[in-house]
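Listing of protein30.tsv; format and content: TSV, C-alpha atoms and all ligand atoms.
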chain	number	residue	atom	x	y	z
A	1	MET	CA	0.00	0.00	0.00
A	2	ALA	CA	2.90	2.36	0.75
A	3	GLU	CA	5.97	2.55	-1.45
A	4	GLU	CA	9.24	4.33	-1.04
A	5	HIS	CA	10.18	6.23	-4.27
A	6	GLY	CA	13.66	7.61	-3.75
A	7	HIS	CA	13.15	9.51	-0.53
A	8	GLU	CA	9.53	10.25	-1.28
A	9	PHE	CA	6.93	8.23	0.57
A	10	ILE	CA	3.90	7.57	-1.62
A	11	LEU	CA	0.77	6.27	0.04
A	12	GLU	CA	-1.71	4.62	-2.27
A	13	ILE	CA	-5.29	5.14	-1.14
A	14	PRO	CA	-7.50	2.28	-2.38
A	15	GLU	CA	-10.81	2.92	-4.15
A	16	PHE	CA	-13.55	2.39	-1.59
A	17	GLU	CA	-17.11	1.40	-2.47
A	18	HIS	CA	-18.90	1.48	0.88
A	19	LEU	CA	-17.09	4.32	2.62
A	20	SER	CA	-15.20	7.48	1.78
A	21	TYR	CA	-11.83	8.70	3.03
A	22	GLU	CA	-10.66	12.30	2.88
A	23	VAL	CA	-8.06	14.28	4.77
A	24	GLU	CA	-8.17	18.01	5.28
A	25	GLU	CA	-5.95	20.07	7.56
A	26	GLY	CA	-4.85	17.09	9.62
A	27	ILE	CA	-8.34	15.64	10.06
A	28	ALA	CA	-9.07	12.34	8.30
A	29	LEU	CA	-12.78	11.81	7.78
A	30	VAL	CA	-14.07	8.27	7.27
A	31	THR	CA	-17.75	8.20	6.26
A	32	LEU	CA	-19.67	4.93	6.11
A	33	ARG	CA	-21.76	5.06	2.94
A	34	ARG	CA	-24.52	2.43	2.90
A	35	PRO	CA	-27.34	4.76	3.93
A	36	GLU	CA	-30.00	2.51	2.31
A	37	ALA	CA	-29.11	-0.14	4.94
A	38	LEU	CA	-28.47	2.39	7.75
A	39	ASN	CA	-24.73	1.75	7.21
A	40	ALA	CA	-25.07	-1.86	8.41
A	41	LEU	CA	-21.64	-3.43	8.61
A	42	SER	CA	-21.52	-5.93	5.76
A	43	GLN	CA	-18.42	-8.07	5.36
A	44	ASP	CA	-17.36	-5.86	2.41
A	45	LEU	CA	-17.71	-2.75	4.56
A	46	LEU	CA	-15.73	-4.40	7.38
A	47	ARG	CA	-12.97	-5.29	4.89
A	48	GLU	CA	-12.88	-1.68	3.69
A	49	LEU	CA	-12.70	-0.51	7.31
A	50	ALA	CA	-9.66	-2.77	7.73
A	51	GLU	CA	-8.07	-1.16	4.65
A	52	VAL	CA	-8.88	2.32	5.90
A	53	ALA	CA	-7.27	1.48	9.27
A	54	GLU	CA	-4.13	0.48	7.38
A	55	VAL	CA	-4.19	3.78	5.47
A	56	LEU	CA	-4.79	5.78	8.67
A	57	ALA	CA	-1.84	4.09	10.37
A	58	GLN	CA	0.46	5.26	7.55
A	59	ASP	CA	-0.94	8.54	6.21
A	60	PRO	CA	1.36	11.32	7.43
A	61	GLU	CA	-1.38	13.89	6.69
A	62	ALA	CA	-3.86	12.19	9.05
A	63	ARG	CA	-3.33	13.44	12.61
A	64	VAL	CA	-6.82	12.87	14.03
A	65	ALA	CA	-9.47	10.55	12.54
A	66	ILE	CA	-13.22	11.05	12.65
A	67	PHE	CA	-15.56	8.14	11.82
A	68	THR	CA	-19.14	8.98	10.89
A	69	GLY	CA	-22.09	7.70	8.85
A	70	GLU	CA	-24.03	9.06	5.87
A	71	GLY	CA	-27.76	9.61	6.38
A	72	LYS	CA	-29.74	8.96	9.54
A	73	ALA	CA	-27.47	6.33	11.10
A	74	PHE	CA	-23.90	6.03	12.29
A	75	ALA	CA	-24.29	2.25	11.81
A	76	ALA	CA	-27.28	0.06	12.72
A	77	GLY	CA	-25.09	-2.95	13.51
A	78	ALA	CA	-23.85	-5.96	11.64
A	79	ASP	CA	-25.69	-6.62	8.38
A	80	LEU	CA	-28.54	-8.85	9.55
A	81	LYS	CA	-29.54	-9.78	5.99
A	82	GLU	CA	-26.04	-11.10	5.37
A	83	ILE	CA	-25.92	-12.86	8.73
A	84	ALA	CA	-29.27	-14.55	8.10
A	85	ALA	CA	-27.72	-16.17	5.03
A	86	ILE	CA	-24.82	-17.70	6.98
A	87	LYS	CA	-25.58	-21.35	7.66
A	88	ASP	CA	-22.11	-22.61	8.46
A	89	PRO	CA	-20.74	-22.00	12.02
A	90	PHE	CA	-17.20	-21.74	10.63
A	91	MET	CA	-18.27	-18.92	8.32
A	92	ALA	CA	-20.00	-17.25	11.26
A	93	ARG	CA	-16.76	-17.50	13.23
A	94	GLU	CA	-14.84	-15.93	10.30
A	95	TYR	CA	-17.31	-13.05	10.28
A	96	ALA	CA	-16.96	-12.52	14.04
A	97	LEU	CA	-13.15	-12.67	13.84
A	98	LEU	CA	-13.13	-10.19	10.95
A	99	GLY	CA	-15.18	-7.69	12.99
A	100	GLN	CA	-13.08	-8.13	16.13
A	101	GLN	CA	-9.85	-7.78	14.18
A	102	VAL	CA	-10.96	-4.64	12.33
A	103	PHE	CA	-12.12	-2.93	15.51
A	104	SER	CA	-8.90	-3.89	17.34
A	105	GLU	CA	-6.90	-2.36	14.47
A	106	ILE	CA	-8.93	0.84	14.80
A	107	ALA	CA	-8.48	0.85	18.60
A	108	ALA	CA	-4.71	0.47	18.16
A	109	LEU	CA	-4.27	3.36	15.68
A	110	PRO	CA	-1.43	5.67	16.73
A	111	ILE	CA	-3.56	8.81	16.30
A	112	PRO	CA	-6.60	10.01	18.29
A	113	THR	CA	-9.91	8.78	16.86
A	114	ILE	CA	-13.39	10.22	17.31
A	115	ALA	CA	-16.75	8.62	16.46
A	116	ALA	CA	-19.20	11.31	15.30
A	117	ILE	CA	-22.47	9.50	16.06
A	118	ASN	CA	-24.95	11.24	13.77
A	119	GLY	CA	-27.88	8.82	14.37
A	120	TYR	CA	-28.38	5.15	15.31
A	121	ALA	CA	-25.28	3.43	16.73
A	122	LEU	CA	-26.55	-0.07	17.46
A	123	GLY	CA	-24.83	-3.41	17.98
A	124	GLY	CA	-21.70	-3.54	15.81
A	125	GLY	CA	-22.23	0.18	15.09
A	126	LEU	CA	-21.85	1.05	18.77
A	127	GLU	CA	-18.93	-1.39	18.99
A	128	LEU	CA	-17.21	0.57	16.20
A	129	ALA	CA	-17.77	3.78	18.18
A	130	LEU	CA	-16.36	2.01	21.28
A	131	ALA	CA	-13.21	1.16	19.35
A	132	CYS	CA	-12.66	4.92	18.86
A	133	ASP	CA	-10.97	6.96	21.60
A	134	LEU	CA	-13.75	9.54	21.91
A	135	ARG	CA	-17.44	9.69	21.02
A	136	VAL	CA	-19.53	12.70	20.09
A	137	ALA	CA	-23.29	12.27	19.56
A	138	ALA	CA	-25.94	14.33	17.77
A	139	THR	CA	-28.91	15.32	19.94
A	140	GLY	CA	-31.23	12.82	18.23
A	141	ALA	CA	-28.80	9.86	18.22
A	142	ARG	CA	-29.79	6.49	19.73
A	143	LEU	CA	-27.22	4.06	21.07
A	144	GLY	CA	-27.60	0.46	22.18
A	145	LEU	CA	-26.47	-3.15	22.11
A	146	PRO	CA	-29.64	-5.06	21.09
A	147	GLU	CA	-27.88	-8.43	20.48
A	148	VAL	CA	-29.57	-10.46	23.25
A	149	GLY	CA	-32.92	-9.67	21.60
A	150	LEU	CA	-31.61	-11.52	18.54
A	151	GLY	CA	-30.36	-14.48	20.58
A	152	LEU	CA	-26.79	-13.22	20.28
A	153	ILE	CA	-24.25	-11.44	22.43
A	154	PRO	CA	-22.17	-8.44	21.37
A	155	GLY	CA	-19.33	-10.03	19.44
A	156	PHE	CA	-17.20	-7.19	18.09
A	157	GLY	CA	-15.72	-6.16	21.45
A	158	GLY	CA	-18.88	-4.79	23.14
A	159	THR	CA	-18.81	-7.04	26.22
A	160	GLN	CA	-15.22	-5.96	26.86
A	161	ARG	CA	-14.92	-2.32	25.79
A	162	LEU	CA	-18.28	-1.13	27.18
A	163	PRO	CA	-17.70	-2.19	30.85
A	164	ARG	CA	-14.14	-0.82	30.68
A	165	LEU	CA	-15.56	2.52	29.54
A	166	ILE	CA	-18.68	2.98	31.70
A	167	GLY	CA	-18.36	0.31	34.42
A	168	ARG	CA	-19.82	-3.17	34.75
A	169	GLY	CA	-23.24	-2.20	36.18
A	170	ARG	CA	-24.09	0.36	33.53
A	171	ALA	CA	-22.73	-1.87	30.76
A	172	LEU	CA	-24.79	-4.86	31.86
A	173	ASP	CA	-27.90	-2.67	32.07
A	174	LEU	CA	-27.46	-1.86	28.35
A	175	ILE	CA	-26.41	-5.40	27.38
A	176	PHE	CA	-29.20	-7.22	29.33
A	177	THR	CA	-32.04	-4.89	28.30
A	178	GLY	CA	-30.81	-4.16	24.76
A	179	ARG	CA	-32.52	-0.78	25.16
A	180	HIS	CA	-31.63	2.29	23.11
A	181	VAL	CA	-30.34	5.27	25.09
A	182	THR	CA	-30.58	8.90	24.01
A	183	ALA	CA	-27.51	11.05	23.44
A	184	GLU	CA	-28.17	12.85	26.76
A	185	GLU	CA	-28.35	9.59	28.74
A	186	ALA	CA	-25.23	8.36	26.95
A	187	LEU	CA	-23.50	11.58	28.03
A	188	SER	CA	-24.60	11.18	31.64
A	189	MET	CA	-23.20	7.64	31.80
A	190	GLY	CA	-19.89	8.57	30.16
A	191	LEU	CA	-20.67	6.60	27.01
A	192	VAL	CA	-20.18	9.73	24.91
A	193	ASN	CA	-17.90	12.69	25.60
A	194	ARG	CA	-19.94	15.48	24.00
A	195	VAL	CA	-23.43	16.07	22.58
A	196	GLY	CA	-24.25	18.70	19.96
A	197	GLU	CA	-26.82	19.59	17.30
A	198	ASP	CA	-24.49	18.30	14.60
A	199	ALA	CA	-22.20	15.42	15.59
A	200	LEU	CA	-19.68	16.04	12.83
A	201	GLU	CA	-19.36	19.74	13.58
A	202	GLU	CA	-18.89	18.94	17.29
A	203	ALA	CA	-16.32	16.26	16.45
A	204	ARG	CA	-14.40	18.69	14.23
A	205	LYS	CA	-14.28	21.24	17.08
A	206	LEU	CA	-12.89	18.55	19.36
A	207	ALA	CA	-10.37	17.45	16.70
A	208	GLU	CA	-9.17	21.03	16.26
A	209	LYS	CA	-8.51	21.33	20.00
A	210	ILE	CA	-6.53	18.08	19.90
A	211	LEU	CA	-4.59	19.21	16.81
A	212	LYS	CA	-3.11	22.16	18.70
A	213	ASN	CA	-1.06	19.69	20.76
A	214	ALA	CA	2.22	17.90	20.03
A	215	PRO	CA	1.63	14.89	17.70
A	216	ILE	CA	4.22	12.58	19.26
A	217	ALA	CA	2.96	13.40	22.77
A	218	LEU	CA	-0.59	12.53	21.64
A	219	ALA	CA	0.55	9.17	20.26
A	220	LEU	CA	2.56	8.39	23.39
A	221	ALA	CA	-0.30	9.42	25.71
A	222	LYS	CA	-2.65	7.08	23.83
A	223	GLU	CA	-0.09	4.29	23.88
A	224	SER	CA	0.34	4.69	27.63
A	225	VAL	CA	-3.42	4.46	28.26
A	226	VAL	CA	-3.92	1.51	25.88
A	227	ARG	CA	-0.92	-0.51	27.10
A	228	GLY	CA	-1.74	0.21	30.75
A	229	GLU	CA	-5.22	-1.32	30.46
A	230	GLY	CA	-5.24	-4.80	31.88
A	231	LEU	CA	-1.89	-4.39	33.67
A	232	ASP	CA	-1.46	-3.87	37.38
A	233	LEU	CA	-0.73	-0.32	38.48
A	234	ALA	CA	3.01	-0.79	39.15
A	235	GLU	CA	3.66	-2.29	35.69
A	236	ALA	CA	1.48	0.32	34.00
A	237	LEU	CA	3.33	3.15	35.78
A	238	GLU	CA	6.62	1.77	34.47
A	239	ILE	CA	5.24	2.00	30.93
A	240	GLU	CA	4.11	5.56	31.62
A	241	ALA	CA	7.60	6.50	32.85
A	242	ASP	CA	9.25	4.98	29.74
A	243	LEU	CA	6.90	6.80	27.39
A	244	PHE	CA	7.32	10.01	29.40
A	245	GLY	CA	11.05	9.60	28.74
A	246	TYR	CA	10.46	9.36	24.98
A	247	ALA	CA	8.22	12.44	25.04
A	248	ALA	CA	10.83	14.39	26.98
A	249	ALA	CA	13.41	13.58	24.28
A	250	THR	CA	11.41	15.21	21.45
A	251	GLU	CA	12.11	18.55	19.78
A	252	ASP	CA	8.43	19.35	20.33
A	253	MET	CA	8.92	19.12	24.10
A	254	LYS	CA	11.71	21.71	23.91
A	255	GLU	CA	9.54	23.89	21.67
A	256	GLY	CA	6.53	23.55	24.02
A	257	VAL	CA	8.47	24.64	27.08
A	258	ARG	CA	10.30	27.42	25.18
A	259	ALA	CA	7.01	28.76	23.80
A	260	PHE	CA	5.53	28.82	27.30
A	261	LEU	CA	8.48	30.77	28.68
A	262	GLU	CA	8.42	33.16	25.69
A	263	LYS	CA	4.65	33.63	26.13
A	264	ARG	CA	3.78	32.59	22.56
A	265	PRO	CA	1.86	29.66	21.04
A	266	PRO	CA	4.04	26.61	20.29
A	267	ASN	CA	4.92	25.59	16.76
A	268	PHE	CA	5.04	21.80	16.92
A	269	LYS	CA	6.69	19.87	14.10
A	270	GLY	CA	6.05	16.29	15.19
A	271	GLU	CA	9.77	15.75	15.81
A	301	LIG	N1	-28.74	-4.98	8.83
A	301	LIG	C1	-29.23	-4.93	7.59
A	301	LIG	N2	-30.13	-4.01	7.20
A	301	LIG	C2	-30.56	-3.12	8.12
A	301	LIG	C3	-30.07	-3.11	9.45
A	301	LIG	C4	-29.10	-4.10	9.79
A	301	LIG	N3	-28.56	-4.17	11.00
A	301	LIG	N4	-30.69	-2.12	10.11
A	301	LIG	C5	-31.51	-1.52	9.24
A	301	LIG	N5	-31.44	-2.11	8.04
A	301	LIG	C6	-32.18	-1.81	6.82
A	301	LIG	C7	-33.66	-2.17	6.97
A	301	LIG	O1	-33.81	-3.54	6.69
A	301	LIG	C8	-34.28	-1.28	5.95
A	301	LIG	O2	-34.06	-1.84	4.65
A	301	LIG	P1	-35.28	-2.08	3.62
A	301	LIG	O3	-36.28	-2.87	4.37
A	301	LIG	O4	-35.72	-0.68	3.28
A	301	LIG	O5	-34.63	-2.81	2.48
A	301	LIG	C9	-33.44	0.00	6.02
A	301	LIG	O6	-32.21	-0.39	6.62
A	301	LIG	C10	-34.08	1.07	6.88
A	301	LIG	O7	-34.37	0.50	8.14
A	301	LIG	P2	-35.81	0.63	8.85
A	301	LIG	O8	-36.89	0.72	7.84
A	301	LIG	O9	-35.90	-0.45	9.87
A	301	LIG	O10	-35.65	2.06	9.56
A	301	LIG	P3	-36.40	2.56	10.87
A	301	LIG	O11	-36.09	4.01	10.98
A	301	LIG	O12	-37.85	2.14	10.89
A	301	LIG	O13	-35.71	1.79	12.11
A	301	LIG	C11	-33.82	0.97	13.36
A	301	LIG	C12	-34.38	2.06	12.41
A	301	LIG	C13	-32.32	1.22	13.51
A	301	LIG	C14	-34.49	1.07	14.74
A	301	LIG	C15	-34.10	-0.44	12.73
A	301	LIG	O14	-33.66	-0.43	11.40
A	301	LIG	C16	-33.41	-1.54	13.48
A	301	LIG	O15	-33.81	-1.95	14.57
A	301	LIG	N6	-32.35	-2.09	12.83
A	301	LIG	C17	-31.66	-3.26	13.35
A	301	LIG	C18	-30.82	-2.92	14.54
A	301	LIG	C19	-30.11	-4.14	15.04
A	301	LIG	O16	-30.71	-5.02	15.69
A	301	LIG	N7	-28.87	-4.25	14.63
A	301	LIG	C20	-28.07	-5.48	14.82
A	301	LIG	C21	-27.44	-5.51	16.17
A	301	LIG	S1	-26.58	-7.01	16.41
A	301	LIG	C22	-22.50	-12.38	13.86
A	301	LIG	C23	-23.86	-12.40	14.11
A	301	LIG	C24	-24.47	-11.27	14.52
A	301	LIG	C25	-23.76	-10.11	14.75
A	301	LIG	C26	-22.42	-10.09	14.53
A	301	LIG	C27	-21.77	-11.21	14.07
A	301	LIG	N8	-21.92	-13.54	13.39
A	301	LIG	C28	-22.73	-14.69	13.10
A	301	LIG	C29	-20.53	-13.57	13.07
A	301	LIG	C30	-24.57	-9.00	15.16
A	301	LIG	C31	-24.15	-7.92	15.57
A	301	LIG	C32	-25.05	-6.78	15.72
A	301	LIG	O17	-24.69	-5.70	15.35
Show me this structure written as structure tokens.
Amino acid sequence: MAEEHGHEFILEIPEFEHLSYEVEEGIALVTLRRPEALNALSQDLLRELAEVAEVLAQDPEARVAIFTGEGKAFAAGADLKEIAAIKDPFMAREYALLGQQVFSEIAALPIPTIAAINGYALGGGLELALACDLRVAATGARLGLPEVGLGLIPGFGGTQRLPRLIGRGRALDLIFTGRHVTAEEALSMGLVNRVGEDALEEARKLAEKILKNAPIALALAKESVVRGEGLDLAEALEIEADLFGYAAATEDMKEGVRAFLEKRPPNFKGE
């Protein structure tokens, strides 16, 4: 996907059918585009999300990523029409593994990611939003994990990422009832970080605030949080100290401190 031509690094962006990818002023925007099916996550769409994660991990222009959906949904879950056609348990396993793998790749991206939840985020759709670092919801958005009502359980990371984010009690309330929560309730339980009239506009504002900060420090801060999860405190603090050391060795750190002392905004170069 990426080739080195002389010293020039050329990133080939694949042609996508079910989503779009564009980068402007440091913000990469990934828009799911299956509005006729409320952006249900078909296997083709999941494969394209895997490709987009690969692009995002390498695109030097992409410093913050926003994921959103076209039309009235963020994503209404896995594609139930496709799933209904799966008769073979091995194929079902493949599907589940594909979803888990794609969302883990998104969760591991070295840049901050924001889900701009413009409408329904249900099942796999909410699990995609949970794989992002931050979530911003439009006032009318509805979020939920309805899987048990289909005789299933959340299978793209929902039973793991949701309790880590909002606590076991609140997570099991949503998982056991399968109910949809409003953007306001999601905000009150810490499921989303911000609510606004327009999710994308709100997400862009958040991205712009993030973009003012040092890129390497952002990547290291995320790495510290992600690697610390699941470790005991002493081990996790060691990781934090190591990554702090890397941050302190950057040119941007010198620039940040110098700019503070000179009472001017910093000019970070990502070095
Ligand atoms: N899959 C496929 N098509 C969907 C869809 C989905 N998840 N959700 C909506 N659509 C389609 C509808 O079928 C409809 O298409 P047509 O009938 O026009 O062809 C179109 O999108 C518009 O939807 P509605 O007419 O239903 O729109 P409404 O505004 O009336 O209702 C709604 C919106 C979001 C409340 C409703 O569409 C809804 O409840 N959708 C389903 C939500 C849901 O239960 N999602 C799935 C969660 S479970 C696995 C097995 C399962 C899973 C994963 C892996 N393996 C075997 C590996 C499941 C994971 C999940 O995500």
For Asp252 (chain A): contacts at 9 Å, all atoms listed in the file, fewer than 3 positions along chain excluded, given as a PyMOL selection string: chain A and resi 214-217+247-249+255-257+266-271
Go through chain A and flag each residue having an atom no more than 8 Å from ligand LIG 301 (chain A); for those, report the closest pair of atoms plus their distance in Å to one decimal, using all atoms listed in the file, ordered by chain and rising number, as a tab-separated table.
residue	atom	partner	partner_atom	distance
A:Pro35	CA	A:LIG301	O6	7.6
A:Glu36	CA	A:LIG301	O6	5.6
A:Ala37	CA	A:LIG301	O6	3.5
A:Leu38	CA	A:LIG301	O6	4.8
A:Asn39	CA	A:LIG301	C3	7.6
A:Ala40	CA	A:LIG301	C4	4.8
A:Leu41	CA	A:LIG301	N1	7.3
A:Ser42	CA	A:LIG301	N1	7.9
A:Ala73	CA	A:LIG301	C13	7.4
A:Ala75	CA	A:LIG301	N3	7.8
A:Ala76	CA	A:LIG301	N3	4.7
A:Gly77	CA	A:LIG301	O17	3.3
A:Ala78	CA	A:LIG301	O17	3.8
A:Asp79	CA	A:LIG301	N1	3.5
A:Leu80	CA	A:LIG301	N1	3.9
A:Lys81	CA	A:LIG301	C1	5.1
A:Glu82	CA	A:LIG301	C1	7.3
A:Ile83	CA	A:LIG301	C28	5.7
A:Ile86	CA	A:LIG301	C28	7.1
A:Pro89	CA	A:LIG301	C28	7.7
A:Met91	CA	A:LIG301	C29	7.5
A:Ala92	CA	A:LIG301	C29	4.1
A:Arg93	CA	A:LIG301	C29	5.4
A:Glu94	CA	A:LIG301	C29	6.8
A:Tyr95	CA	A:LIG301	C29	4.3
A:Ala96	CA	A:LIG301	C29	3.8
A:Leu97	CA	A:LIG301	C29	7.5
A:Gly99	CA	A:LIG301	C27	7.5
A:Tyr120	CA	A:LIG301	C13	5.8
A:Leu122	CA	A:LIG301	N7	5.6
A:Gly123	CA	A:LIG301	O17	3.5
A:Gly124	CA	A:LIG301	O17	3.7
A:Gly125	CA	A:LIG301	O17	6.4
A:Leu145	CA	A:LIG301	C21	6.5
A:Pro146	CA	A:LIG301	C21	5.4
A:Glu147	CA	A:LIG301	S1	4.5
A:Gly149	CA	A:LIG301	O16	7.8
A:Leu150	CA	A:LIG301	S1	7.1
A:Leu152	CA	A:LIG301	C24	6.5
A:Ile153	CA	A:LIG301	C30	7.7
A:Pro154	CA	A:LIG301	C31	6.2
A:Gly155	CA	A:LIG301	C26	5.8
A:Phe156	CA	A:LIG301	C26	7.0
What does the file look like for those residues with C-alpha atoms, as a short mmCIF file (atom, residue, chain, number, x, y, z; two decimals), keeping the file's coordinate frame?
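Just written: out_37.cif:
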data_model
loop_
_atom_site.label_atom_id
_atom_site.label_comp_id
_atom_site.auth_asym_id
_atom_site.auth_seq_id
_atom_site.Cartn_x
_atom_site.Cartn_y
_atom_site.Cartn_z
CA PRO A 35 -27.34 4.76 3.93
CA GLU A 36 -30.00 2.51 2.31
CA ALA A 37 -29.11 -0.14 4.94
CA LEU A 38 -28.47 2.39 7.75
CA ASN A 39 -24.73 1.75 7.21
CA ALA A 40 -25.07 -1.86 8.41
CA LEU A 41 -21.64 -3.43 8.61
CA SER A 42 -21.52 -5.93 5.76
CA ALA A 73 -27.47 6.33 11.10
CA ALA A 75 -24.29 2.25 11.81
CA ALA A 76 -27.28 0.06 12.72
CA GLY A 77 -25.09 -2.95 13.51
CA ALA A 78 -23.85 -5.96 11.64
CA ASP A 79 -25.69 -6.62 8.38
CA LEU A 80 -28.54 -8.85 9.55
CA LYS A 81 -29.54 -9.78 5.99
CA GLU A 82 -26.04 -11.10 5.37
CA ILE A 83 -25.92 -12.86 8.73
CA ILE A 86 -24.82 -17.70 6.98
CA PRO A 89 -20.74 -22.00 12.02
CA MET A 91 -18.27 -18.92 8.32
CA ALA A 92 -20.00 -17.25 11.26
CA ARG A 93 -16.76 -17.50 13.23
CA GLU A 94 -14.84 -15.93 10.30
CA TYR A 95 -17.31 -13.05 10.28
CA ALA A 96 -16.96 -12.52 14.04
CA LEU A 97 -13.15 -12.67 13.84
CA GLY A 99 -15.18 -7.69 12.99
CA TYR A 120 -28.38 5.15 15.31
CA LEU A 122 -26.55 -0.07 17.46
CA GLY A 123 -24.83 -3.41 17.98
CA GLY A 124 -21.70 -3.54 15.81
CA GLY A 125 -22.23 0.18 15.09
CA LEU A 145 -26.47 -3.15 22.11
CA PRO A 146 -29.64 -5.06 21.09
CA GLU A 147 -27.88 -8.43 20.48
CA GLY A 149 -32.92 -9.67 21.60
CA LEU A 150 -31.61 -11.52 18.54
CA LEU A 152 -26.79 -13.22 20.28
CA ILE A 153 -24.25 -11.44 22.43
CA PRO A 154 -22.17 -8.44 21.37
CA GLY A 155 -19.33 -10.03 19.44
CA PHE A 156 -17.20 -7.19 18.09
#
Test item: which residues lie within 12 Å of (-13.5, -1.6, 5.9) counting all atoms listed in the file, as a PyMOL selection string: chain A and resi 14-21+30-33+39-56+67+98-99+101-103+105-106+128
Nearest-residue call for Leu109 (chain A), choices A:Asp173, A:Glu223, A:Glu238, A:Glu251, using all atoms listed in the file: A:Glu223
CA of Thr139 (chain A) to CA of Glu197 (chain A), straight-line distance in Å: 5.4 Å
Nearby residues (only C-alpha atoms) at most 12 Å from Glu184 (chain A), same-chain spacing under 6 positions excluded, as a ChimeraX atom specification: /A:136-143,190-197
